[in-house]
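Novice: Mind having a look at this structure? Questions to follow.
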2 protein chains.
Amino acid sequence: MNSLVEENYLKALFTLSNEHGEVNVNDLSKRLEIKMPTVTSMMKKLAEKELVHYEKYRPVRLSEMGKKAAIHIIRKHRLTEMFLVEVMGFGWEEVHDIAEQIEHVKSPAFFNKMDEILGHPSFDPHGSPIPDINGNIQGEQYRKFSECTKGEKVKFMAVANSSEKFLKFLNSKGLSLETKIEILSVEPFDGTMTVTYGDRTSEVFSKVVCDKLLVV
Amino acid sequence: MNSLVEENYLKALFTLSNEHGEVNVNDLSKRLEIKMPTVTSMMKKLAEKELVHYEKYRPVRLSEMGKKAAIHIIRKHRLTEMFLVEVMGFGWEEVHDIAEQIEHVKSPAFFNKMDEILGHPSFDPHGSPIPDINGNIQGEQYRKFSECTKGEKVKFMAVANSSEKFLKFLNSKGLSLETKIEILSVEPFDGTMTVTYGDRTSEVFSKVVCDKLLVV
DNA sequence: ATAATAAGTTAGAGAAGGCTAACAAATTAT
DNA sequence: ATAATTTGTTAGCCTTCTCTAACTTATTAT
């Protein structure tokens with residue numbers, strides 16, 4: 001069995017490799033807010049346990065075993081988020097930190113019960129896919145909103161970041177998943193977009209925001 | 001903030017002192033399955049943090065602060081058990097180990113939401129009182145069933161032990177909370193009791209079992 | 001009252017996971 | 001091509017929580 005700390009490394013490794021491809025010790029260090037020497041030594045340990053492939057000075061890759069373990073934790077995290085929103089009535093901006101703790105609970109029965117109560121959902125409240133019990137992930141490939149162009153009409157499907165601050169910002173803009181957005185203009189200089197959706201006739205979003213919106 | 005490990009010591013200290021009065025290092029050691037020298041050194045640490053009163057070779061007592069912290073964890077544990085049974089549909093025999101993990105979650109909002117969804121329950125699925133948010137405990141004082149005598153008719157109100165094994169035994173005997181039990185006879189030699197309840201005309205319970213049944 | 005047993009403490013060690021300081025390798029910029 | 005910068009590693013140390021071995025105090029039994 002992997003420790004809570006190991007689980008956090010595996011999860012970070014998985015999500016970083018989905019975001020960037022290759023994952024360096026430095027990326028992990030920044031994501032986990034743990035100093036590089038500590039990360040290096042953990043990589044040695046995880047390599048020893050055959051959860052990662054690691055050679056010094058080279059990027060780190062999850063092994064098949066490591067990937068399986070990571071997906072299992074991500075499943076627990078996302079099921080928990082869904083449960084917190086759908087069953088307990090939390091807002092999508094409140095659930096990340098709680099799920100971050102509950103994902104480490106050791107009890108297949110607990111998460112299977114959540115899954116059952118929720119009717120085996122495929123996506124969490126932030127639009128991220130929930131792996132099934134065998135680790136299969138419904139592979140929706142979304143586009144970054146920031147890469148869309150003037151005149152396009154797209155549907156907001158997921159966020160690339162579940163921090164409370166960002167989600168509260170979206171709440172304040174009345175923007176929720178499944179909303180259809182039309183791009184009125186894109187400022188070439190800094191990527192700022194002017195858009196319309198729902199009853200908002202004209203809202204302006206910076207590139208920082210648009211980068212975190214995933215659409216189809 | 002207290003660590004998960006400290007929380008477990010505080011909780012054990014609280015429940016043991018409710019069961020026995022004085023709590024010795026040895027009692028804690030047995031309950032937590034941690035060797036005595038480790039317990040001794042943790043007592044020093046908790047005394048340093050003013051969570052317990054401790055002098056060497058003497059029994060340990062929780063300080064007011066320590067008691068408050070312990071009650072807070074017990075509240076989280078019992079709310080969780082109630083939630084698992086009432087909202088998620090688990091059996092009373094399945095919830096202890098899961099609650100043991102979830103009780104350490106740091107999120108007042110999470111437990112307050114449970115409390116609200118459950119309608120501020122006063123007792124958990126095992127009949128133990130759930131402290132309210134201010135630490136007040138509905139102080140029902142139950143009798144040990146094993147101390148009752150022939151001819152008495154009592155009501156089963158709580159169990160003194162929530163282990164899966166014991167609760168599965170009670171399930172197999174069709175015995176659940178609120179059941180009225182009549183004592184047909186008590187064997188003076190070993191305290192074995194012959195009883196009747198529900199549709200069971202004659203069941204025999206050893207003292208080991210009767211000690212764990214709390215009645216009124 | 002003293003011997004035997006149980007309970008408690010001290011000392012020292014170890015695993016896990018974190019850190020800083022110093023150095024080495026790799027990458028980027030000139 | 002070399003210098004500067006960034007990234008990664010090694011070495012050594014710290015804290016938390018655990019242990020065993022050896023010793024001391026307290027309790028129980030004769």
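By order of appearance in the structure tokens: chains A, B, ..., then residues from 1 within every chain, and ligands from 1 in the order shown.
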Compute the chain D side of the contact with chain A at 12 Å, counting only C-alpha atoms (C1' of nucleotides), and hand it back as a list in words.
Specialist: DT6, DT7, DG8, DT9, DT10 and DA11 of chain D
Novice: Would you please extract all strand (DSSP E) residues from range 1-212 of chain B, as assigned by DSSP on the backbone, and give them as an MDAnalysis selection string?
Specialist: chainID B and resid 52:53 61:62 143:144 153:159 180:186 193:197 200:205
Novice: When you look at Phe166 in chain A with a cut-off of 12 Å (counting only C-alpha atoms (C1' of nucleotides)), what residues show up, excluding the ones that are within fewer than 2 positions of it in the same chain? I need them as an MDAnalysis selection string.
Specialist: chainID A and resid 92:94 96 126 159:164 168:173 175 208:213
Novice: Could you please take those selected residues and save N, CA and C atoms as a short mmCIF file (atom, residue, chain, number, x, y, z; two decimals), in the first residue's frame?
Specialist:
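Resulting contents of out.cif:
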data_model
loop_
_atom_site.label_atom_id
_atom_site.label_comp_id
_atom_site.auth_asym_id
_atom_site.auth_seq_id
_atom_site.Cartn_x
_atom_site.Cartn_y
_atom_site.Cartn_z
N TRP A 92 -19.48 24.12 -6.52
CA TRP A 92 -18.30 23.55 -7.19
C TRP A 92 -17.00 24.19 -6.75
N GLU A 93 -17.08 25.39 -6.19
CA GLU A 93 -15.88 26.10 -5.73
C GLU A 93 -15.44 25.65 -4.34
N GLU A 94 -16.28 24.89 -3.64
CA GLU A 94 -15.97 24.54 -2.25
C GLU A 94 -15.35 23.16 -2.08
N HIS A 96 -12.89 21.19 -3.74
CA HIS A 96 -11.56 20.66 -4.07
C HIS A 96 -10.76 20.26 -2.82
N HIS A 126 -16.36 19.77 -12.21
CA HIS A 126 -15.53 20.71 -12.96
C HIS A 126 -15.35 20.27 -14.40
N VAL A 159 -13.20 23.10 -16.55
CA VAL A 159 -12.18 24.06 -16.14
C VAL A 159 -10.84 23.33 -16.02
N ALA A 160 -9.76 24.06 -16.32
CA ALA A 160 -8.44 23.45 -16.23
C ALA A 160 -7.84 23.67 -14.84
N ASN A 161 -8.63 24.27 -13.95
CA ASN A 161 -8.13 24.61 -12.62
C ASN A 161 -9.33 24.70 -11.68
N SER A 162 -9.26 24.00 -10.54
CA SER A 162 -10.43 23.95 -9.66
C SER A 162 -10.25 24.77 -8.39
N SER A 163 -9.36 25.77 -8.44
CA SER A 163 -9.13 26.54 -7.21
C SER A 163 -10.37 27.36 -6.87
N GLU A 164 -10.57 27.51 -5.59
CA GLU A 164 -11.75 28.23 -5.10
C GLU A 164 -11.80 29.64 -5.68
N LYS A 168 -14.86 30.99 -7.94
CA LYS A 168 -15.68 32.10 -7.42
C LYS A 168 -15.75 33.23 -8.43
N PHE A 169 -14.65 33.42 -9.13
CA PHE A 169 -14.65 34.42 -10.19
C PHE A 169 -15.68 34.06 -11.27
N LEU A 170 -15.67 32.78 -11.67
CA LEU A 170 -16.64 32.35 -12.69
C LEU A 170 -18.07 32.51 -12.18
N ASN A 171 -18.27 32.15 -10.91
CA ASN A 171 -19.61 32.35 -10.32
C ASN A 171 -20.03 33.81 -10.45
N SER A 172 -19.09 34.70 -10.14
CA SER A 172 -19.42 36.14 -10.16
C SER A 172 -19.73 36.62 -11.56
N LYS A 173 -19.26 35.86 -12.56
CA LYS A 173 -19.54 36.22 -13.95
C LYS A 173 -20.74 35.44 -14.49
N LEU A 175 -20.97 32.32 -15.03
CA LEU A 175 -20.54 31.36 -16.04
C LEU A 175 -20.46 29.96 -15.43
N VAL A 208 -5.40 34.90 -19.09
CA VAL A 208 -5.20 34.06 -17.90
C VAL A 208 -6.47 33.26 -17.61
N VAL A 209 -7.61 33.92 -17.75
CA VAL A 209 -8.89 33.25 -17.52
C VAL A 209 -9.19 32.28 -18.68
N CYS A 210 -9.05 32.79 -19.91
CA CYS A 210 -9.43 31.98 -21.08
C CYS A 210 -8.63 30.68 -21.18
N ASP A 211 -7.38 30.73 -20.70
CA ASP A 211 -6.53 29.53 -20.69
C ASP A 211 -7.11 28.42 -19.82
N LYS A 212 -7.90 28.82 -18.85
CA LYS A 212 -8.41 27.83 -17.90
C LYS A 212 -9.81 27.34 -18.27
N LEU A 213 -10.35 27.85 -19.37
CA LEU A 213 -11.68 27.40 -19.80
C LEU A 213 -11.51 26.39 -20.93
#
Novice: Write out as a list of chain:residue names every residue belonging to chain C that has an atom at most 10 Å from any atom of chain A, counting only C-alpha atoms (C1' of nucleotides).
Specialist: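 That gives the following set of residues: C:DA16, C:DG17, C:DG18, C:DC19, C:DT20, C:DA25, C:DA26.
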Novice: Could you save the residues just selected, with C-alpha atoms (C1' of nucleotides), as a PDB file, in the first residue's frame?
Specialist:
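Output file part-v8.pdb is given in full below:
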ATOM      1  C1'  DA C  16       9.448   8.532   6.588  1.00  0.00           C
ATOM      2  C1'  DG C  17       9.336  12.846   4.785  1.00  0.00           C
ATOM      3  C1'  DG C  18      10.911  17.274   4.969  1.00  0.00           C
ATOM      4  C1'  DC C  19      14.906  21.032   4.743  1.00  0.00           C
ATOM      5  C1'  DT C  20      19.527  23.845   3.456  1.00  0.00           C
ATOM      6  C1'  DA C  25      24.946  18.910 -15.306  1.00  0.00           C
ATOM      7  C1'  DA C  26      22.152  20.871 -18.779  1.00  0.00           C
TER       8       DA C  26
END
Novice: With 9 Å as the limit and counting only C-alpha atoms, what residues in chain B lie close to chain A? Please list them as a short mmCIF file (atom, residue, chain, number, x, y, z; two decimals) with N, CA and C atoms, in the first residue's frame.
Specialist:
data_model
loop_
_atom_site.label_atom_id
_atom_site.label_comp_id
_atom_site.auth_asym_id
_atom_site.auth_seq_id
_atom_site.Cartn_x
_atom_site.Cartn_y
_atom_site.Cartn_z
N LEU B 84 -23.06 7.95 7.18
CA LEU B 84 -22.81 6.74 6.38
C LEU B 84 -24.02 5.81 6.43
N MET B 88 -26.00 7.27 3.26
CA MET B 88 -25.37 6.43 2.25
C MET B 88 -25.85 4.99 2.27
N GLY B 89 -26.57 4.62 3.34
CA GLY B 89 -27.15 3.28 3.34
C GLY B 89 -26.22 2.16 3.78
N PHE B 90 -25.17 2.49 4.52
CA PHE B 90 -24.32 1.43 5.08
C PHE B 90 -24.99 0.79 6.29
N ASP B 97 -14.70 1.82 10.73
CA ASP B 97 -13.37 2.02 10.16
C ASP B 97 -13.33 3.19 9.17
N ILE B 98 -14.41 3.36 8.43
CA ILE B 98 -14.46 4.49 7.50
C ILE B 98 -14.48 5.81 8.29
N GLN B 101 -11.30 7.18 9.64
CA GLN B 101 -10.45 7.91 8.70
C GLN B 101 -11.00 9.30 8.44
N ILE B 102 -12.31 9.38 8.24
CA ILE B 102 -12.91 10.66 7.86
C ILE B 102 -12.91 11.66 9.02
N HIS B 104 -10.69 12.72 10.69
CA HIS B 104 -9.51 13.60 10.71
C HIS B 104 -9.55 14.68 9.63
N VAL B 105 -10.59 14.67 8.81
CA VAL B 105 -10.71 15.68 7.76
C VAL B 105 -10.84 17.07 8.41
N LYS B 106 -10.05 17.99 7.88
CA LYS B 106 -10.08 19.38 8.36
C LYS B 106 -11.03 20.17 7.47
N SER B 107 -12.24 20.35 7.89
CA SER B 107 -13.21 21.14 7.15
C SER B 107 -14.49 21.27 7.96
N PHE B 110 -17.70 20.79 6.05
CA PHE B 110 -18.07 19.42 5.69
C PHE B 110 -18.92 18.77 6.78
N LYS B 113 -22.28 20.47 7.32
CA LYS B 113 -23.25 20.08 6.29
C LYS B 113 -23.88 18.73 6.62
N MET B 114 -23.03 17.79 7.04
CA MET B 114 -23.57 16.48 7.47
C MET B 114 -24.60 16.68 8.56
N ILE B 117 -27.80 18.08 7.16
CA ILE B 117 -28.53 17.08 6.37
C ILE B 117 -29.21 16.06 7.27
#
Novice: Which residue gives the smallest distance to Glu50 in chain B among B:Ser176, B:Thr149, B:Val85, B:Asn2, with only C-alpha atoms counted?
Specialist: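 Residue with the minimum atom-to-atom distance to Glu50 in chain B: B:Asn2.
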Novice: Name the residues in contact with Val186 in chain B at a cut-off of 10 Å, using only C-alpha atoms (C1' of nucleotides), excluding same-chain residues fewer than 2 positions from it; report them as a PyMOL selection string.
Specialist: chain B and resi 146+148-151+183-184+188-195+204-207
Novice: For the residues in that selection, give me N, CA and C atoms as a PDB file, in the first residue's frame.
Specialist:
ATOM      1  N   SER B 146     -25.358  -6.521  31.465  1.00  0.00           N
ATOM      2  CA  SER B 146     -24.833  -7.613  32.290  1.00  0.00           C
ATOM      3  C   SER B 146     -25.101  -7.398  33.781  1.00  0.00           C
ATOM      4  N   CYS B 148     -28.031  -6.306  34.885  1.00  0.00           N
ATOM      5  CA  CYS B 148     -29.469  -6.432  35.120  1.00  0.00           C
ATOM      6  C   CYS B 148     -29.766  -7.815  35.710  1.00  0.00           C
ATOM      7  N   THR B 149     -30.972  -7.968  36.246  1.00  0.00           N
ATOM      8  CA  THR B 149     -31.292  -9.215  36.953  1.00  0.00           C
ATOM      9  C   THR B 149     -32.524  -9.897  36.360  1.00  0.00           C
ATOM     10  N   LYS B 150     -32.687 -11.140  36.731  1.00  0.00           N
ATOM     11  CA  LYS B 150     -33.783 -11.983  36.249  1.00  0.00           C
ATOM     12  C   LYS B 150     -35.140 -11.289  36.370  1.00  0.00           C
ATOM     13  N   GLY B 151     -35.931 -11.392  35.301  1.00  0.00           N
ATOM     14  CA  GLY B 151     -37.274 -10.815  35.332  1.00  0.00           C
ATOM     15  C   GLY B 151     -37.343  -9.393  34.808  1.00  0.00           C
ATOM     16  N   ILE B 183     -35.311 -10.557  30.619  1.00  0.00           N
ATOM     17  CA  ILE B 183     -34.336 -11.515  31.140  1.00  0.00           C
ATOM     18  C   ILE B 183     -35.055 -12.702  31.757  1.00  0.00           C
ATOM     19  N   LEU B 184     -34.865 -13.876  31.154  1.00  0.00           N
ATOM     20  CA  LEU B 184     -35.523 -15.074  31.662  1.00  0.00           C
ATOM     21  C   LEU B 184     -34.728 -15.672  32.807  1.00  0.00           C
ATOM     22  N   PRO B 188     -25.550 -17.732  37.652  1.00  0.00           N
ATOM     23  CA  PRO B 188     -24.673 -17.029  38.607  1.00  0.00           C
ATOM     24  C   PRO B 188     -23.194 -17.328  38.395  1.00  0.00           C
ATOM     25  N   PHE B 189     -22.889 -18.537  37.939  1.00  0.00           N
ATOM     26  CA  PHE B 189     -21.482 -18.943  37.805  1.00  0.00           C
ATOM     27  C   PHE B 189     -20.688 -18.061  36.842  1.00  0.00           C
ATOM     28  N   ASP B 190     -21.224 -17.872  35.607  1.00  0.00           N
ATOM     29  CA  ASP B 190     -20.444 -17.131  34.609  1.00  0.00           C
ATOM     30  C   ASP B 190     -21.189 -15.939  34.016  1.00  0.00           C
ATOM     31  N   GLY B 191     -22.367 -15.634  34.564  1.00  0.00           N
ATOM     32  CA  GLY B 191     -23.102 -14.453  34.097  1.00  0.00           C
ATOM     33  C   GLY B 191     -23.813 -14.629  32.767  1.00  0.00           C
ATOM     34  N   THR B 192     -23.851 -15.841  32.233  1.00  0.00           N
ATOM     35  CA  THR B 192     -24.590 -16.083  30.990  1.00  0.00           C
ATOM     36  C   THR B 192     -26.076 -15.785  31.209  1.00  0.00           C
ATOM     37  N   MET B 193     -26.683 -15.084  30.239  1.00  0.00           N
ATOM     38  CA  MET B 193     -28.094 -14.715  30.398  1.00  0.00           C
ATOM     39  C   MET B 193     -28.950 -15.373  29.315  1.00  0.00           C
ATOM     40  N   THR B 194     -30.125 -15.824  29.735  1.00  0.00           N
ATOM     41  CA  THR B 194     -31.105 -16.329  28.782  1.00  0.00           C
ATOM     42  C   THR B 194     -32.199 -15.272  28.689  1.00  0.00           C
ATOM     43  N   VAL B 195     -32.503 -14.873  27.457  1.00  0.00           N
ATOM     44  CA  VAL B 195     -33.388 -13.712  27.275  1.00  0.00           C
ATOM     45  C   VAL B 195     -34.408 -13.974  26.169  1.00  0.00           C
ATOM     46  N   VAL B 204     -29.482 -17.211  24.221  1.00  0.00           N
ATOM     47  CA  VAL B 204     -28.509 -17.238  25.319  1.00  0.00           C
ATOM     48  C   VAL B 204     -27.314 -16.358  24.957  1.00  0.00           C
ATOM     49  N   PHE B 205     -26.984 -15.397  25.831  1.00  0.00           N
ATOM     50  CA  PHE B 205     -25.841 -14.506  25.593  1.00  0.00           C
ATOM     51  C   PHE B 205     -24.822 -14.652  26.705  1.00  0.00           C
ATOM     52  N   SER B 206     -23.579 -14.770  26.327  1.00  0.00           N
ATOM     53  CA  SER B 206     -22.510 -14.859  27.332  1.00  0.00           C
ATOM     54  C   SER B 206     -22.297 -13.496  27.976  1.00  0.00           C
ATOM     55  N   LYS B 207     -21.589 -13.486  29.093  1.00  0.00           N
ATOM     56  CA  LYS B 207     -21.310 -12.226  29.781  1.00  0.00           C
ATOM     57  C   LYS B 207     -20.499 -11.286  28.894  1.00  0.00           C
TER      58      LYS B 207
END
Novice: Just the residues within 9 Å of range 23-29 of chain D, please, counting only C-alpha atoms (C1' of nucleotides), with nothing from its chain fewer than 2 positions along; format it as an mmCIF file with N, CA and C atoms (P, O5', C5', C4', C3', O3' and C1' of nucleotides), in the first residue's frame.
Specialist:
data_model
loop_
_atom_site.group_PDB
_atom_site.id
_atom_site.type_symbol
_atom_site.label_atom_id
_atom_site.label_comp_id
_atom_site.auth_asym_id
_atom_site.auth_seq_id
_atom_site.Cartn_x
_atom_site.Cartn_y
_atom_site.Cartn_z
ATOM 1 N N TYR B 57 4.625 8.242 36.434
ATOM 2 C CA TYR B 57 4.097 7.156 37.256
ATOM 3 C C TYR B 57 2.656 7.374 37.713
ATOM 4 P P DA C 3 13.660 -10.849 49.668
ATOM 5 O "O5'" DA C 3 13.067 -11.865 48.584
ATOM 6 C "C5'" DA C 3 12.160 -12.889 49.011
ATOM 7 C "C4'" DA C 3 11.130 -13.096 47.908
ATOM 8 C "C3'" DA C 3 11.677 -12.987 46.488
ATOM 9 O "O3'" DA C 3 11.126 -14.060 45.745
ATOM 10 C "C1'" DA C 3 9.861 -11.492 46.739
ATOM 11 P P DA C 4 11.559 -14.405 44.273
ATOM 12 O "O5'" DA C 4 10.271 -13.943 43.471
ATOM 13 C "C5'" DA C 4 9.015 -14.586 43.755
ATOM 14 C "C4'" DA C 4 7.924 -13.900 42.959
ATOM 15 C "C3'" DA C 4 8.207 -13.794 41.459
ATOM 16 O "O3'" DA C 4 7.026 -14.216 40.797
ATOM 17 C "C1'" DA C 4 7.679 -11.650 42.335
ATOM 18 P P DT C 5 6.935 -14.298 39.193
ATOM 19 O "O5'" DT C 5 6.107 -12.967 38.895
ATOM 20 C "C5'" DT C 5 4.791 -12.831 39.465
ATOM 21 C "C4'" DT C 5 4.255 -11.468 39.085
ATOM 22 C "C3'" DT C 5 4.321 -11.169 37.590
ATOM 23 O "O3'" DT C 5 2.999 -10.826 37.214
ATOM 24 C "C1'" DT C 5 5.152 -9.350 38.853
ATOM 25 P P DA C 6 2.575 -10.550 35.688
ATOM 26 O "O5'" DA C 6 2.238 -8.994 35.767
ATOM 27 C "C5'" DA C 6 1.497 -8.490 36.879
ATOM 28 C "C4'" DA C 6 1.520 -6.987 36.816
ATOM 29 C "C3'" DA C 6 1.388 -6.420 35.397
ATOM 30 O "O3'" DA C 6 0.400 -5.406 35.484
ATOM 31 C "C1'" DA C 6 3.325 -5.534 36.447
ATOM 32 P P DA C 7 -0.017 -4.494 34.294
ATOM 33 O "O5'" DA C 7 0.839 -3.189 34.570
ATOM 34 C "C5'" DA C 7 0.639 -2.467 35.791
ATOM 35 C "C4'" DA C 7 1.509 -1.233 35.772
ATOM 36 C "C3'" DA C 7 1.419 -0.438 34.475
ATOM 37 O "O3'" DA C 7 1.139 0.897 34.865
ATOM 38 C "C1'" DA C 7 3.680 -0.894 35.005
ATOM 39 P P DG C 8 1.213 2.113 33.881
ATOM 40 O "O5'" DG C 8 2.745 2.525 34.001
ATOM 41 C "C5'" DG C 8 3.202 3.214 35.173
ATOM 42 C "C4'" DG C 8 4.574 3.783 34.903
ATOM 43 C "C3'" DG C 8 4.660 4.617 33.621
ATOM 44 O "O3'" DG C 8 5.175 5.890 33.978
ATOM 45 C "C1'" DG C 8 6.397 3.008 33.694
ATOM 46 P P DT C 9 5.633 6.948 32.928
ATOM 47 O "O5'" DT C 9 7.212 6.686 32.854
ATOM 48 C "C5'" DT C 9 7.965 6.766 34.069
ATOM 49 C "C4'" DT C 9 9.447 6.701 33.756
ATOM 50 C "C3'" DT C 9 9.910 7.635 32.640
ATOM 51 O "O3'" DT C 9 11.005 8.391 33.157
ATOM 52 C "C1'" DT C 9 10.633 5.396 32.203
ATOM 53 P P DT C 10 11.715 9.526 32.336
ATOM 54 O "O5'" DT C 10 13.068 8.855 31.811
ATOM 55 C "C5'" DT C 10 13.847 8.068 32.710
ATOM 56 C "C4'" DT C 10 15.044 7.497 31.966
ATOM 57 C "C3'" DT C 10 15.629 8.404 30.879
ATOM 58 O "O3'" DT C 10 17.042 8.376 31.026
ATOM 59 C "C1'" DT C 10 15.103 6.293 29.951
#
Novice: Pick out the residues sitting within 9 Å of Ile181 in chain B, and hand them over as a list in words; count only C-alpha atoms (C1' of nucleotides), and ignore anything fewer than 2 positions along from it in its own chain.
Specialist: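 Listed by chain and then number, they are Glu152, Lys153, Val154, Lys155, Phe156, Thr179, Ile183, Val195, Thr196, Tyr197 and Gly198 of chain B.
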Novice: Among range 23-193 of chain A, which residues carry a DSSP assignment of helix (DSSP H, G or I), reported as an MDAnalysis selection string?
Specialist: chainID A and resid 25:32 36:48 64:86 96:102 108:117 145:147 164:172
Novice: Which polymer residues have any atom within 9 Å of an atom of Glu55 in chain B, counting only C-alpha atoms (C1' of nucleotides), with same-chain residues fewer than 5 positions away left out, as a VMD selection string?
Specialist: chain B and resid 44 47 60
Novice: Please report the interatomic distance between CA of Leu214 in chain A and CA of Ala12 in chain A in Å with one decimal.
Specialist: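 Separating CA of Leu214 in chain A from CA of Ala12 in chain A is a distance of 20.0 Å.
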